[in-house]
$ cat entry_21.cif   # mmCIF, C-alpha atoms and all ligand atoms
data_query
#
loop_
_atom_site.label_atom_id
_atom_site.label_comp_id
_atom_site.auth_asym_id
_atom_site.auth_seq_id
_atom_site.Cartn_x
_atom_site.Cartn_y
_atom_site.Cartn_z
CA MET A 1 32.38 -0.67 6.43
CA ASP A 2 32.30 -0.74 2.67
CA ARG A 3 29.30 1.33 1.68
CA ALA A 4 29.20 -0.32 -1.70
CA ARG A 5 28.34 -3.58 0.04
CA ASN A 6 25.73 -2.13 2.37
CA PRO A 7 22.81 -4.59 2.14
CA TYR A 8 20.05 -2.47 3.71
CA THR A 9 17.21 -1.01 1.65
CA PRO A 10 15.63 2.07 3.26
CA ASN A 11 13.54 3.09 0.24
CA ALA A 12 9.81 3.01 -0.39
CA GLY A 13 8.88 -0.29 -2.00
CA ALA A 14 12.48 -1.57 -2.11
CA PRO A 15 12.51 -5.36 -1.71
CA PRO A 16 14.54 -6.10 1.43
CA ARG A 17 17.43 -8.56 1.33
CA PHE A 18 15.50 -10.57 3.88
CA LEU A 19 11.70 -10.44 3.91
CA ALA A 20 10.98 -10.83 7.61
CA GLY A 21 7.73 -11.96 9.17
CA ARG A 22 5.51 -12.28 6.10
CA ALA A 23 5.40 -16.06 5.72
CA GLN A 24 1.68 -16.31 6.51
CA GLU A 25 0.69 -13.53 4.11
CA THR A 26 2.69 -14.92 1.22
CA GLU A 27 1.49 -18.48 1.80
CA ASP A 28 -2.14 -17.30 2.00
CA PHE A 29 -1.76 -15.51 -1.31
CA ARG A 30 -0.33 -18.54 -3.07
CA VAL A 31 -3.22 -20.65 -1.76
CA LEU A 32 -5.69 -18.01 -2.94
CA LEU A 33 -4.40 -18.22 -6.52
CA GLN A 34 -4.25 -22.00 -6.47
CA ARG A 35 -7.79 -22.31 -5.16
CA LEU A 36 -9.15 -19.97 -7.81
CA ALA A 37 -7.24 -21.83 -10.51
CA ASN A 38 -8.90 -25.02 -9.26
CA GLY A 39 -12.34 -23.45 -9.62
CA TYR A 40 -12.94 -22.80 -5.92
CA THR A 41 -13.88 -19.40 -4.58
CA GLU A 42 -11.72 -17.57 -2.10
CA GLN A 43 -11.72 -14.06 -0.66
CA SER A 44 -9.49 -11.44 -2.28
CA VAL A 45 -7.07 -9.59 -0.01
CA ILE A 46 -6.71 -6.05 1.23
CA ILE A 47 -3.57 -5.23 3.16
CA THR A 48 -3.72 -2.22 5.42
CA GLY A 49 -1.05 -0.64 7.53
CA LEU A 50 0.79 2.55 8.37
CA ARG A 51 3.43 4.05 6.09
CA GLY A 52 6.69 2.15 6.03
CA VAL A 53 5.44 -1.21 7.30
CA GLY A 54 6.01 -3.01 4.00
CA LYS A 55 2.71 -2.96 2.10
CA THR A 56 4.29 -2.14 -1.26
CA VAL A 57 6.99 -4.73 -0.68
CA LEU A 58 4.34 -7.34 0.07
CA LEU A 59 2.44 -6.47 -3.12
CA GLY A 60 5.73 -6.91 -4.99
CA GLN A 61 6.05 -10.32 -3.41
CA TYR A 62 2.50 -11.12 -4.56
CA GLU A 63 3.51 -10.15 -8.07
CA ARG A 64 6.35 -12.67 -8.04
CA ILE A 65 4.08 -15.37 -6.62
CA ALA A 66 1.54 -14.65 -9.36
CA GLU A 67 4.19 -15.03 -12.06
CA ASP A 68 5.32 -18.22 -10.41
CA GLU A 69 1.79 -19.59 -10.54
CA ASN A 70 1.42 -18.59 -14.20
CA TRP A 71 -1.08 -15.85 -13.40
CA VAL A 72 -1.02 -12.43 -15.02
CA PRO A 73 -0.25 -9.78 -12.40
CA VAL A 74 -1.53 -6.31 -13.23
CA VAL A 75 0.22 -3.82 -11.01
CA ALA A 76 -0.87 -0.24 -10.46
CA GLU A 77 -0.67 2.60 -8.02
CA VAL A 78 -3.83 4.57 -7.39
CA SER A 79 -3.30 8.29 -7.12
CA LYS A 80 -5.42 11.32 -6.43
CA ASN A 81 -4.32 12.82 -9.73
CA THR A 82 -4.96 9.91 -12.09
CA PRO A 83 -8.61 9.42 -13.06
CA PHE A 84 -9.52 5.86 -12.20
CA GLY A 85 -11.79 5.01 -15.16
CA PRO A 86 -9.15 5.49 -17.88
CA GLN A 87 -6.52 3.90 -15.62
CA ILE A 88 -8.51 0.71 -15.16
CA ALA A 89 -9.42 0.64 -18.86
CA ASN A 90 -5.75 0.78 -19.72
CA LEU A 91 -4.88 -1.93 -17.20
CA SER A 92 -7.65 -4.17 -18.48
CA ARG A 93 -6.32 -3.87 -22.00
CA ARG A 94 -2.83 -4.74 -20.77
CA ALA A 95 -4.21 -7.70 -18.83
CA LEU A 96 -5.87 -9.07 -21.95
CA PHE A 97 -2.71 -8.78 -24.05
CA GLN A 98 -0.78 -10.58 -21.34
CA VAL A 99 -3.33 -13.36 -21.03
CA SER A 100 -2.77 -14.08 -24.67
CA PRO A 101 -1.01 -12.38 -27.58
CA LYS A 102 -3.44 -11.20 -30.19
CA ALA A 103 -2.41 -13.77 -32.77
CA ARG A 104 -3.66 -16.48 -30.45
CA TRP A 105 -6.88 -14.91 -29.27
CA GLY A 106 -9.74 -17.37 -28.96
CA GLU A 107 -13.40 -16.49 -29.11
CA ARG A 108 -13.48 -15.34 -25.49
CA ALA A 109 -10.42 -13.13 -25.83
CA ALA A 110 -11.85 -11.47 -28.93
CA GLN A 111 -15.09 -10.87 -27.03
CA ALA A 112 -13.10 -9.42 -24.09
CA ALA A 113 -11.30 -7.09 -26.49
CA ALA A 114 -14.66 -5.84 -27.73
CA VAL A 115 -15.93 -5.31 -24.18
CA ILE A 116 -12.76 -3.50 -23.12
CA LYS A 117 -12.97 -1.32 -26.21
CA SER A 118 -16.53 -0.40 -25.45
CA PHE A 119 -15.60 0.38 -21.84
CA SER A 120 -12.56 2.40 -22.89
CA LEU A 121 -14.61 4.53 -25.23
CA SER A 122 -17.16 5.17 -22.50
CA VAL A 123 -14.50 6.43 -20.07
CA GLN A 124 -12.45 8.27 -22.68
CA ALA A 125 -14.34 9.04 -25.87
CA ASP A 126 -11.29 10.06 -27.92
CA GLY A 127 -10.18 6.43 -28.07
CA ALA A 128 -6.76 7.14 -26.54
CA MET A 129 -7.18 4.04 -24.42
CA THR A 130 -7.93 1.59 -27.22
CA ALA A 131 -4.53 1.10 -28.85
CA GLY A 132 -4.27 -2.37 -30.35
CA LEU A 133 -7.96 -3.09 -29.86
CA ASP A 134 -8.89 -2.98 -33.54
CA VAL A 135 -12.17 -4.80 -33.05
CA GLU A 136 -15.73 -3.53 -33.12
CA PRO A 137 -16.69 -2.35 -29.63
CA ALA A 138 -19.28 -4.55 -27.92
CA TRP A 139 -21.89 -1.81 -27.94
CA GLY A 140 -24.25 -2.17 -25.01
CA THR A 141 -21.72 -3.90 -22.82
CA ALA A 142 -19.61 -2.03 -20.28
CA ASP A 143 -20.69 1.35 -21.67
CA THR A 144 -23.57 2.46 -19.46
CA GLY A 145 -21.32 5.12 -17.94
CA SER A 146 -21.91 3.68 -14.50
CA LEU A 147 -18.54 2.41 -13.36
CA ASN A 148 -20.27 -0.08 -11.10
CA ASP A 149 -22.01 -1.97 -13.91
CA ASP A 150 -19.34 -1.49 -16.51
CA LEU A 151 -16.35 -2.65 -14.52
CA ALA A 152 -18.18 -5.86 -13.63
CA ASP A 153 -18.69 -6.54 -17.36
CA VAL A 154 -15.00 -5.89 -17.99
CA PHE A 155 -13.79 -8.17 -15.18
CA GLN A 156 -16.15 -10.90 -16.32
CA ALA A 157 -14.90 -10.66 -19.91
CA ILE A 158 -11.27 -10.76 -18.79
CA GLY A 159 -12.04 -13.72 -16.55
CA GLU A 160 -13.63 -15.64 -19.40
CA ALA A 161 -10.68 -14.89 -21.68
CA ALA A 162 -8.26 -16.01 -18.96
CA ALA A 163 -10.21 -19.20 -18.25
CA GLU A 164 -10.13 -20.04 -21.95
CA LYS A 165 -6.33 -19.90 -21.81
CA LYS A 166 -6.16 -21.68 -18.43
CA ARG A 167 -4.65 -18.64 -16.81
CA GLY A 168 -5.74 -16.14 -14.20
CA VAL A 169 -5.50 -12.39 -13.75
CA VAL A 170 -4.75 -10.67 -10.46
CA PHE A 171 -5.03 -6.91 -10.09
CA LEU A 172 -2.51 -5.60 -7.55
CA PHE A 173 -3.37 -2.05 -6.51
CA ASP A 174 -1.30 0.06 -4.17
CA GLU A 175 -2.44 3.19 -2.26
CA ILE A 176 -6.12 2.26 -2.50
CA GLN A 177 -7.03 4.78 0.20
CA PHE A 178 -7.05 7.25 -2.71
CA LEU A 179 -9.95 5.49 -4.43
CA ALA A 180 -13.19 7.42 -4.18
CA LYS A 181 -16.08 5.61 -2.58
CA THR A 182 -17.77 4.99 -5.94
CA GLU A 183 -14.54 3.62 -7.40
CA LEU A 184 -13.94 1.27 -4.53
CA GLU A 185 -17.55 0.14 -4.71
CA ALA A 186 -17.20 -0.52 -8.43
CA LEU A 187 -14.10 -2.59 -7.80
CA ILE A 188 -15.86 -4.55 -5.08
CA GLY A 189 -18.83 -5.14 -7.37
CA ALA A 190 -16.58 -6.32 -10.19
CA VAL A 191 -14.79 -8.76 -7.93
CA HIS A 192 -18.17 -9.97 -6.73
CA ARG A 193 -19.21 -10.71 -10.31
CA THR A 194 -16.10 -12.82 -10.94
CA VAL A 195 -16.67 -14.74 -7.70
CA GLN A 196 -20.26 -15.49 -8.72
CA ARG A 197 -19.08 -16.79 -12.08
CA GLN A 198 -16.13 -18.68 -10.56
CA LEU A 199 -13.73 -16.92 -12.89
CA PRO A 200 -9.97 -16.76 -12.32
CA VAL A 201 -9.79 -13.05 -11.58
CA THR A 202 -8.90 -11.58 -8.24
CA PHE A 203 -7.66 -8.49 -6.58
CA ALA A 204 -5.13 -7.62 -3.90
CA GLY A 205 -5.03 -4.07 -2.63
CA ALA A 206 -2.85 -2.22 -0.19
CA GLY A 207 -3.64 0.99 1.60
CA LEU A 208 -3.68 2.98 4.77
CA PRO A 209 -5.77 1.82 7.70
CA GLY A 210 -9.36 3.01 7.89
CA LEU A 211 -9.80 3.23 4.09
CA PRO A 212 -12.01 6.33 3.79
CA GLY A 213 -13.90 4.90 0.80
CA LEU A 214 -14.99 1.92 2.87
CA ALA A 215 -17.92 3.32 4.74
CA GLY A 216 -21.41 2.00 5.41
CA ASN A 217 -22.77 -0.52 2.91
CA ALA A 218 -19.53 -0.79 1.00
CA LYS A 219 -17.89 -1.92 4.19
CA SER A 220 -20.18 -4.77 5.16
CA TYR A 221 -20.24 -5.94 1.54
CA ALA A 222 -16.45 -5.79 1.29
CA GLU A 223 -15.99 -7.71 4.50
CA ARG A 224 -17.63 -10.74 2.91
CA LEU A 225 -15.59 -10.57 -0.28
CA PHE A 226 -12.19 -9.57 1.03
CA LYS A 227 -9.89 -10.79 3.68
CA PHE A 228 -8.49 -7.76 5.48
CA SER A 229 -4.97 -8.31 6.63
CA SER A 230 -3.37 -5.61 8.68
CA ILE A 231 0.40 -5.50 8.85
CA GLY A 232 2.52 -3.40 11.15
CA GLN A 233 5.46 -3.63 13.48
CA LEU A 234 7.42 -6.85 13.07
CA PRO A 235 7.19 -9.11 16.11
CA ARG A 236 10.44 -9.36 18.03
CA ALA A 237 11.88 -12.49 16.37
CA ALA A 238 11.11 -11.19 12.87
CA ALA A 239 12.49 -7.74 13.69
CA VAL A 240 15.74 -9.34 14.83
CA GLN A 241 15.92 -11.25 11.56
CA ALA A 242 15.29 -8.07 9.58
CA ILE A 243 18.26 -6.51 11.38
CA VAL A 244 20.77 -9.35 11.30
CA GLU A 245 20.02 -11.41 8.18
CA PRO A 246 21.05 -8.92 5.48
CA ALA A 247 24.46 -8.41 7.14
CA LYS A 248 24.99 -12.11 7.76
CA VAL A 249 25.22 -12.74 4.03
CA GLU A 250 28.19 -10.33 4.02
CA GLY A 251 29.83 -12.02 7.04
CA VAL A 252 28.89 -9.20 9.44
CA THR A 253 27.15 -9.70 12.80
CA PHE A 254 25.61 -7.52 15.52
CA SER A 255 26.35 -7.67 19.24
CA PRO A 256 23.27 -8.53 21.35
CA GLU A 257 23.38 -5.02 22.89
CA ALA A 258 23.41 -3.39 19.47
CA ILE A 259 20.39 -5.46 18.47
CA GLU A 260 18.50 -4.40 21.62
CA PHE A 261 19.31 -0.76 20.98
CA ILE A 262 18.06 -0.93 17.39
CA LEU A 263 14.92 -2.84 18.40
CA ALA A 264 14.10 -0.24 21.04
CA TYR A 265 14.50 2.70 18.67
CA THR A 266 12.80 1.20 15.63
CA GLU A 267 9.96 -0.53 17.50
CA GLY A 268 10.05 -3.19 14.81
CA TYR A 269 8.96 -0.85 11.98
CA PRO A 270 10.53 -2.18 8.77
CA TYR A 271 11.44 1.20 7.30
CA PHE A 272 13.21 2.29 10.49
CA ILE A 273 15.05 -1.02 10.70
CA GLN A 274 16.37 -0.61 7.16
CA GLU A 275 17.44 2.96 7.86
CA PHE A 276 19.15 1.97 11.09
CA GLY A 277 20.83 -1.04 9.50
CA ARG A 278 22.25 1.13 6.76
CA ALA A 279 23.58 3.79 9.14
CA ALA A 280 25.03 1.24 11.58
CA TRP A 281 26.80 -0.54 8.74
CA ASN A 282 28.27 2.69 7.40
CA THR A 283 29.38 3.76 10.88
CA ALA A 284 30.93 0.49 12.04
CA ASP A 285 34.43 -0.80 11.30
CA GLY A 286 33.10 -4.38 11.60
CA PRO A 287 32.95 -7.28 11.34
CA VAL A 288 30.84 -6.97 14.51
CA ILE A 289 28.46 -4.03 14.78
CA THR A 290 28.58 -2.98 18.43
CA LEU A 291 26.40 -0.94 20.77
CA VAL A 292 28.78 2.00 20.36
CA ASP A 293 28.39 1.78 16.57
CA ALA A 294 24.61 1.74 16.92
CA GLU A 295 24.67 4.72 19.29
CA ASP A 296 26.97 6.62 16.96
CA ALA A 297 24.67 5.87 14.03
CA LEU A 298 21.59 7.29 15.72
CA SER A 299 21.98 10.91 14.63
CA GLN A 300 22.52 9.77 11.05
CA VAL A 301 19.39 7.62 11.26
CA GLU A 302 17.34 10.53 12.48
CA SER A 303 18.57 13.01 9.93
CA GLU A 304 18.06 10.50 7.11
CA LEU A 305 14.51 9.76 8.29
CA ASP A 306 13.70 13.43 8.70
CA GLY A 307 15.11 14.30 5.29
CA SER A 308 13.38 11.53 3.36
CA PHE A 309 10.70 9.45 5.02
CA PHE A 310 9.07 12.16 7.13
CA GLN A 311 9.83 15.14 4.93
CA ALA A 312 8.20 13.46 1.94
CA ARG A 313 4.95 13.35 3.90
CA VAL A 314 4.84 17.04 4.78
CA GLN A 315 5.86 18.34 1.36
CA ARG A 316 2.35 19.08 0.17
CA THR A 317 0.89 20.41 3.40
CA THR A 318 -0.15 23.97 4.13
CA PRO A 319 1.02 25.90 7.20
CA ASP A 320 -2.44 25.38 8.77
CA GLU A 321 -2.22 21.66 8.29
CA LEU A 322 1.27 21.56 9.76
CA THR A 323 0.13 23.50 12.81
CA TYR A 324 -2.74 21.06 13.27
CA MET A 325 -0.41 18.09 13.14
CA ARG A 326 2.03 19.79 15.46
CA ALA A 327 -0.76 20.33 17.98
CA MET A 328 -1.76 16.71 17.64
CA ALA A 329 1.84 15.63 18.17
CA GLU A 330 1.80 17.52 21.45
CA LEU A 331 -0.67 14.89 22.67
CA GLY A 332 1.52 11.94 21.68
CA SER A 333 1.35 9.12 19.15
CA ALA A 334 -2.03 7.66 20.13
CA GLU A 335 -5.36 8.36 18.41
CA GLN A 336 -6.74 11.73 19.42
CA LYS A 337 -10.20 13.19 19.71
CA ALA A 338 -10.78 16.13 17.38
CA ALA A 339 -11.90 18.24 20.33
CA ASP A 340 -8.69 17.56 22.26
CA VAL A 341 -6.50 18.64 19.35
CA ALA A 342 -8.61 21.76 18.91
CA ALA A 343 -8.23 22.54 22.62
CA VAL A 344 -4.43 22.60 22.25
CA LEU A 345 -4.90 25.40 19.71
CA HIS A 346 -7.65 27.13 21.74
CA LYS A 347 -10.13 26.49 18.94
CA SER A 348 -13.32 24.46 18.55
CA SER A 349 -13.32 21.21 16.60
CA GLU A 350 -15.85 22.76 14.17
CA GLN A 351 -13.37 25.49 13.30
CA LEU A 352 -10.64 22.97 12.58
CA GLY A 353 -12.86 20.36 10.92
CA PRO A 354 -11.94 21.33 7.34
CA ILE A 355 -8.21 21.15 8.09
CA ARG A 356 -8.62 17.76 9.70
CA SER A 357 -10.63 16.49 6.69
CA ARG A 358 -7.95 17.67 4.29
CA LEU A 359 -5.28 15.84 6.27
CA ILE A 360 -7.35 12.67 6.04
CA ALA A 361 -7.86 13.14 2.28
CA LYS A 362 -4.11 13.62 1.87
CA GLY A 363 -3.43 10.37 3.71
CA LEU A 364 -1.60 11.94 6.65
CA LEU A 365 -4.26 11.10 9.21
CA TYR A 366 -6.81 8.31 9.37
CA THR A 367 -9.83 7.72 11.56
CA PRO A 368 -9.46 4.53 13.58
CA ARG A 369 -12.97 5.15 14.95
CA PHE A 370 -15.57 7.86 14.84
CA GLY A 371 -14.38 11.20 16.17
CA TYR A 372 -10.75 10.16 16.49
CA ALA A 373 -7.75 10.64 14.23
CA LYS A 374 -4.31 9.13 14.21
CA PHE A 375 -1.10 9.71 12.24
CA THR A 376 -0.61 7.33 9.29
CA VAL A 377 3.16 7.58 9.71
CA PRO A 378 4.72 5.79 12.68
CA GLN A 379 6.62 8.02 15.13
CA PHE A 380 5.32 11.07 13.28
CA ASP A 381 4.61 12.80 16.58
CA ARG A 382 8.31 12.60 17.46
CA PHE A 383 9.24 14.04 14.09
CA MET A 384 6.78 16.93 14.40
CA ARG A 385 8.10 17.81 17.83
CA ARG A 386 11.71 17.76 16.55
CA HIS A 387 10.81 19.59 13.38
CA MET A 388 8.72 22.55 14.53
CA THR A 389 7.69 24.46 17.61
CA LEU A 390 4.08 24.72 18.61
CA ASP A 391 2.65 28.02 17.38
CA ILE A 392 -0.81 28.53 18.78
CA GLU A 393 -1.51 31.77 16.92
CA SER A 394 -1.04 30.59 13.35
CA THR A 395 -4.27 28.73 12.51
CA GLY A 396 -6.78 30.99 10.85
N1 LIG B 1 9.08 -7.79 5.68
C1 LIG B 1 10.09 -6.92 5.65
N2 LIG B 1 11.29 -7.21 6.22
C2 LIG B 1 12.30 -6.32 6.17
N3 LIG B 1 12.21 -5.11 5.60
C3 LIG B 1 11.05 -4.76 5.02
C4 LIG B 1 9.94 -5.64 5.03
N4 LIG B 1 8.91 -5.04 4.39
C5 LIG B 1 9.36 -3.82 4.01
N5 LIG B 1 10.64 -3.65 4.37
C6 LIG B 1 11.42 -2.41 4.15
O1 LIG B 1 10.64 -1.37 4.75
C7 LIG B 1 10.60 -0.21 3.93
C8 LIG B 1 9.17 0.18 3.65
O2 LIG B 1 8.53 -0.75 2.80
P1 LIG B 1 7.29 -0.33 1.90
O3 LIG B 1 6.78 -1.56 1.26
O4 LIG B 1 7.67 0.81 1.04
O5 LIG B 1 6.24 0.16 3.02
P2 LIG B 1 4.79 0.78 2.80
O6 LIG B 1 4.38 0.48 1.41
O7 LIG B 1 3.94 0.08 3.81
O8 LIG B 1 4.90 2.25 3.10
C9 LIG B 1 11.46 -0.50 2.72
O9 LIG B 1 12.72 0.08 2.96
C10 LIG B 1 11.58 -2.02 2.69
O10 LIG B 1 12.83 -2.44 2.18
MG MG B 2 3.83 1.80 -0.09
#
$ encode --input "entry_21.cif" --output "structure tokens"
Amino acid sequence: MDRARNPYTPNAGAPPRFLAGRAQETEDFRVLLQRLANGYTEQSVIITGLRGVGKTVLLGQYERIAEDENWVPVVAEVSKNTPFGPQIANLSRRALFQVSPKARWGERAAQAAAVIKSFSLSVQADGAMTAGLDVEPAWGTADTGSLNDDLADVFQAIGEAAAEKKRGVVFLFDEIQFLAKTELEALIGAVHRTVQRQLPVTFAGAGLPGLPGLAGNAKSYAERLFKFSSIGQLPRAAAVQAIVEPAKVEGVTFSPEAIEFILAYTEGYPYFIQEFGRAAWNTADGPVITLVDAEDALSQVESELDGSFFQARVQRTTPDELTYMRAMAELGSAEQKAADVAAVLHKSSEQLGPIRSRLIAKGLLYTPRFGYAKFTVPQFDRFMRRHMTLDIESTG
């Protein structure tokens, strides 16, 4: 069918034509903002899930809800290569300017500007982060150099400025598994401060399961402040909607057998559904997409997934790391004990420990519980087995 009218969206973060199975999450978020605006406290949210389940899309949805509710959404992606202090200073400054243009700053906003300036200078002394903040820094506030104390001061100041303007600020952070433990703790502490003061500031984060920064104390503390919502495979009814609804708008339907075939292959993972929908559409003559169309589309689905979704994940891995993941794939898709993976390679888990740690730091593996690791990408084991042969000799 006409590729120009293909309604599927197999791209990271691309809003789908039909957002399937997220009614509860979106409703909860709207209620969160409304409760805070009414002066009640409510837990912030952290969404966790594997790659391709729709975390970024859900954050995008939160952004629209925030705008709808007259909140200021501050969107950012955490990365290993961007230092967090300057990043959050910059975002705080942006938040303040969006709460209120400078010409209409009240007393609280002017105070917030001073606090943000002081914080910005403490994280980046050259002042690169202070554009537009031509106020005297609030010396002694948010400039201890301890992110923990300083960020709380900044969030409080922003909250007071927002309250003065009867608005709210929500920080929406993606890929939060890349926050260091101290950074995540600082963020948690800052959110805690705004909760204590009943200020209209909150946070929604998205990241991989088993956030490495959330260990020990940080974890028990976070569990009181945040609602952890894990998203994953779409349940059957929602998965069917994700398949059929985008095409319906274009007057195209699927045969029941085609739907079953796509459900079985994709296991309800949103990214795979979008990829399959696109390939089936391009393959079919229509207006009904049949089982034969779906079967014919399969090789295209697989080569597209391999070339984009999976390949993107292995781009920055070393040969050692690849061999480790290939050995792990030999054992299947489930979580695996470090010792069992090592045994496949005739090594000890101590020898392979550093490789395994690097894979966790890179966000390719996560630890669902102590001593175990699992792929962060669904069906990654299948990809590894298709993509490379097991070479037992190659790990140093
Ligand atoms: N609720 C949903 N219903 C249908 N498709 C979705 C849904 N959520 C995400 N998608 C699709 O799945 C893919 C992955 O979404 P993304 O948000 O990038 O996942 P993640 O951030 O978890 O890796 C995108 O192609 C997107 O269009
Ligand atoms: Mg994402």
$ axis_aligned_box --input "entry_21.cif" --around "ligand LIG 1 (chain B)" --padding-each-side "5 Å" --output "JSON"
{"center_x": 8.4, "center_y": -2.8, "center_z": 3.6, "size_x": 18.9, "size_y": 20.0, "size_z": 15.2}
$ residues_near_ligand --input "entry_21.cif" --ligand "ligand MG 2 (chain B)" --cutoff "9 Å" --atoms "all atoms listed in the file" --output "NGL selection string"
:A and (12-13 or 51-57 or 59 or 174-175 or 206-207)
$ closest_atom_pairs --input "entry_21.cif" --of "chain A" --to "ligand LIG 1 (chain B)" --cutoff "10 Å" --atoms "all atoms listed in the file" --output "Markdown table"
| residue | atom | partner | partner_atom | distance |
| --- | --- | --- | --- | --- |
| A:Tyr8 | CA | B:LIG1 | O10 | 7.4 |
| A:Thr9 | CA | B:LIG1 | O10 | 4.6 |
| A:Pro10 | CA | B:LIG1 | O9 | 3.5 |
| A:Asn11 | CA | B:LIG1 | O9 | 4.1 |
| A:Ala12 | CA | B:LIG1 | O4 | 3.4 |
| A:Gly13 | CA | B:LIG1 | O4 | 3.5 |
| A:Ala14 | CA | B:LIG1 | O10 | 4.4 |
| A:Pro15 | CA | B:LIG1 | O10 | 4.9 |
| A:Pro16 | CA | B:LIG1 | O10 | 4.1 |
| A:Arg17 | CA | B:LIG1 | C2 | 7.4 |
| A:Phe18 | CA | B:LIG1 | C2 | 5.8 |
| A:Leu19 | CA | B:LIG1 | N2 | 4.0 |
| A:Ala20 | CA | B:LIG1 | N2 | 3.9 |
| A:Gly21 | CA | B:LIG1 | N1 | 5.6 |
| A:Arg22 | CA | B:LIG1 | N1 | 5.8 |
| A:Ala23 | CA | B:LIG1 | N1 | 9.1 |
| A:Ile47 | CA | B:LIG1 | O7 | 9.2 |
| A:Thr48 | CA | B:LIG1 | O7 | 8.2 |
| A:Gly49 | CA | B:LIG1 | O7 | 6.3 |
| A:Leu50 | CA | B:LIG1 | O7 | 6.1 |
| A:Arg51 | CA | B:LIG1 | O8 | 3.8 |
| A:Gly52 | CA | B:LIG1 | O8 | 3.4 |
| A:Val53 | CA | B:LIG1 | O7 | 4.0 |
| A:Gly54 | CA | B:LIG1 | O3 | 3.2 |
| A:Lys55 | CA | B:LIG1 | O7 | 3.7 |
| A:Thr56 | CA | B:LIG1 | O3 | 3.6 |
| A:Val57 | CA | B:LIG1 | O3 | 3.7 |
| A:Leu58 | CA | B:LIG1 | O3 | 6.4 |
| A:Leu59 | CA | B:LIG1 | O3 | 7.9 |
| A:Gly60 | CA | B:LIG1 | O3 | 8.3 |
| A:Gln61 | CA | B:LIG1 | N4 | 9.8 |
| A:Asp174 | CA | B:LIG1 | O6 | 8.0 |
| A:Glu175 | CA | B:LIG1 | O6 | 8.2 |
| A:Ala206 | CA | B:LIG1 | O6 | 7.9 |
| A:Gly207 | CA | B:LIG1 | O7 | 7.9 |
| A:Leu208 | CA | B:LIG1 | O7 | 8.2 |
| A:Ile231 | CA | B:LIG1 | O7 | 8.3 |
| A:Gly232 | CA | B:LIG1 | O7 | 8.2 |
| A:Gln233 | CA | B:LIG1 | N1 | 9.6 |
| A:Leu234 | CA | B:LIG1 | N1 | 7.6 |
| A:Ala238 | CA | B:LIG1 | N2 | 7.8 |
| A:Ala239 | CA | B:LIG1 | N2 | 7.6 |
| A:Val240 | CA | B:LIG1 | C2 | 9.8 |
| A:Gln241 | CA | B:LIG1 | N2 | 8.1 |
| A:Ala242 | CA | B:LIG1 | C2 | 4.9 |
| A:Ile243 | CA | B:LIG1 | C2 | 7.9 |
| A:Glu245 | CA | B:LIG1 | C2 | 9.5 |
| A:Pro246 | CA | B:LIG1 | C2 | 9.2 |
| A:Gly268 | CA | B:LIG1 | C2 | 9.5 |
| A:Tyr269 | CA | B:LIG1 | O1 | 7.4 |
| A:Pro270 | CA | B:LIG1 | O1 | 4.1 |
| A:Tyr271 | CA | B:LIG1 | O1 | 3.7 |
| A:Phe272 | CA | B:LIG1 | O1 | 7.3 |
| A:Ile273 | CA | B:LIG1 | N3 | 7.1 |
| A:Gln274 | CA | B:LIG1 | O9 | 5.6 |
| A:Glu275 | CA | B:LIG1 | O9 | 7.4 |
| A:Phe309 | CA | B:LIG1 | O8 | 9.4 |
| A:Thr376 | CA | B:LIG1 | O8 | 9.7 |
| A:Val377 | CA | B:LIG1 | O8 | 8.7 |
$ closest_residue --input "entry_21.cif" --among "A:Lys165, A:Gly159, A:Thr141, A:Lys80" --to "Arg104 (chain A)" --atoms "only C-alpha atoms"
A:Lys165
$ atom_distance --input "entry_21.cif" --atom1 "CA of Ala280 (chain A)" --atom2 "CA of Asn6 (chain A)"
9.8 Å
$ closest_residue --input "entry_21.cif" --among "A:Glu295, A:Glu164, A:Asp150, A:Glu27" --to "Lys117 (chain A)" --atoms "all atoms listed in the file"
A:Asp150
$ residues_around --input "entry_21.cif" --residues "Ala162 (chain A)" --least-positions-apart "3" --cutoff "8 Å" --atoms "all atoms listed in the file" --output "list of chain:residue names"
A:Leu96, A:Val99, A:Ala109, A:Ile158, A:Gly159, A:Lys165, A:Lys166, A:Arg167, A:Gly168, A:Val169, A:Pro200
$ atom_distance --input "entry_21.cif" --atom1 "CA of Ala186 (chain A)" --atom2 "CA of Trp139 (chain A)"
20.1 Å
$ residues_around --input "entry_21.cif" --residues "Gly39 (chain A)" --least-positions-apart "3" --cutoff "7 Å" --atoms "all atoms listed in the file" --output "VMD selection string"
chain A and resid 35 to 36 198
$ residues_near_point --input "entry_21.cif" --point "(-3.4, -9.3, -8.8)" --cutoff "9 Å" --atoms "all atoms listed in the file" --output "PyMOL selection string"
chain A and resi 59+62-63+66+71-75+169-173+201-205
$ closest_residue --input "entry_21.cif" --among "A:Leu179, A:Ala138, A:Met1, A:Leu390" --to "Lys362 (chain A)" --atoms "all atoms listed in the file"
A:Leu179
$ residues_around --input "entry_21.cif" --residues "Gly286 (chain A)" --least-positions-apart "4" --cutoff "10 Å" --atoms "all atoms listed in the file" --output "PyMOL selection string"
chain A and resi 1-2+251-254+280-282+290+293
$ residues_around --input "entry_21.cif" --residues "Ala113 (chain A)" --least-positions-apart "4" --cutoff "12 Å" --atoms "all atoms listed in the file" --output "number ranges by chain"
A: 89-90, 92-97, 99-102, 105-109, 117-120, 130-139, 141-142, 153-161
$ closest_residue --input "entry_21.cif" --among "A:Glu304, A:Asp126, A:Asp143, A:Glu183" --to "Val78 (chain A)" --atoms "all atoms listed in the file"
A:Glu183
$ residues_around --input "entry_21.cif" --residues "region 334-341 of chain A" --least-positions-apart "4" --cutoff "7 Å" --atoms "only C-alpha atoms" --output "list in words"
Ala327, Met328, Leu345, Ser348, Ser349, Gly371, Tyr372, Ala373 and Lys374 of chain A
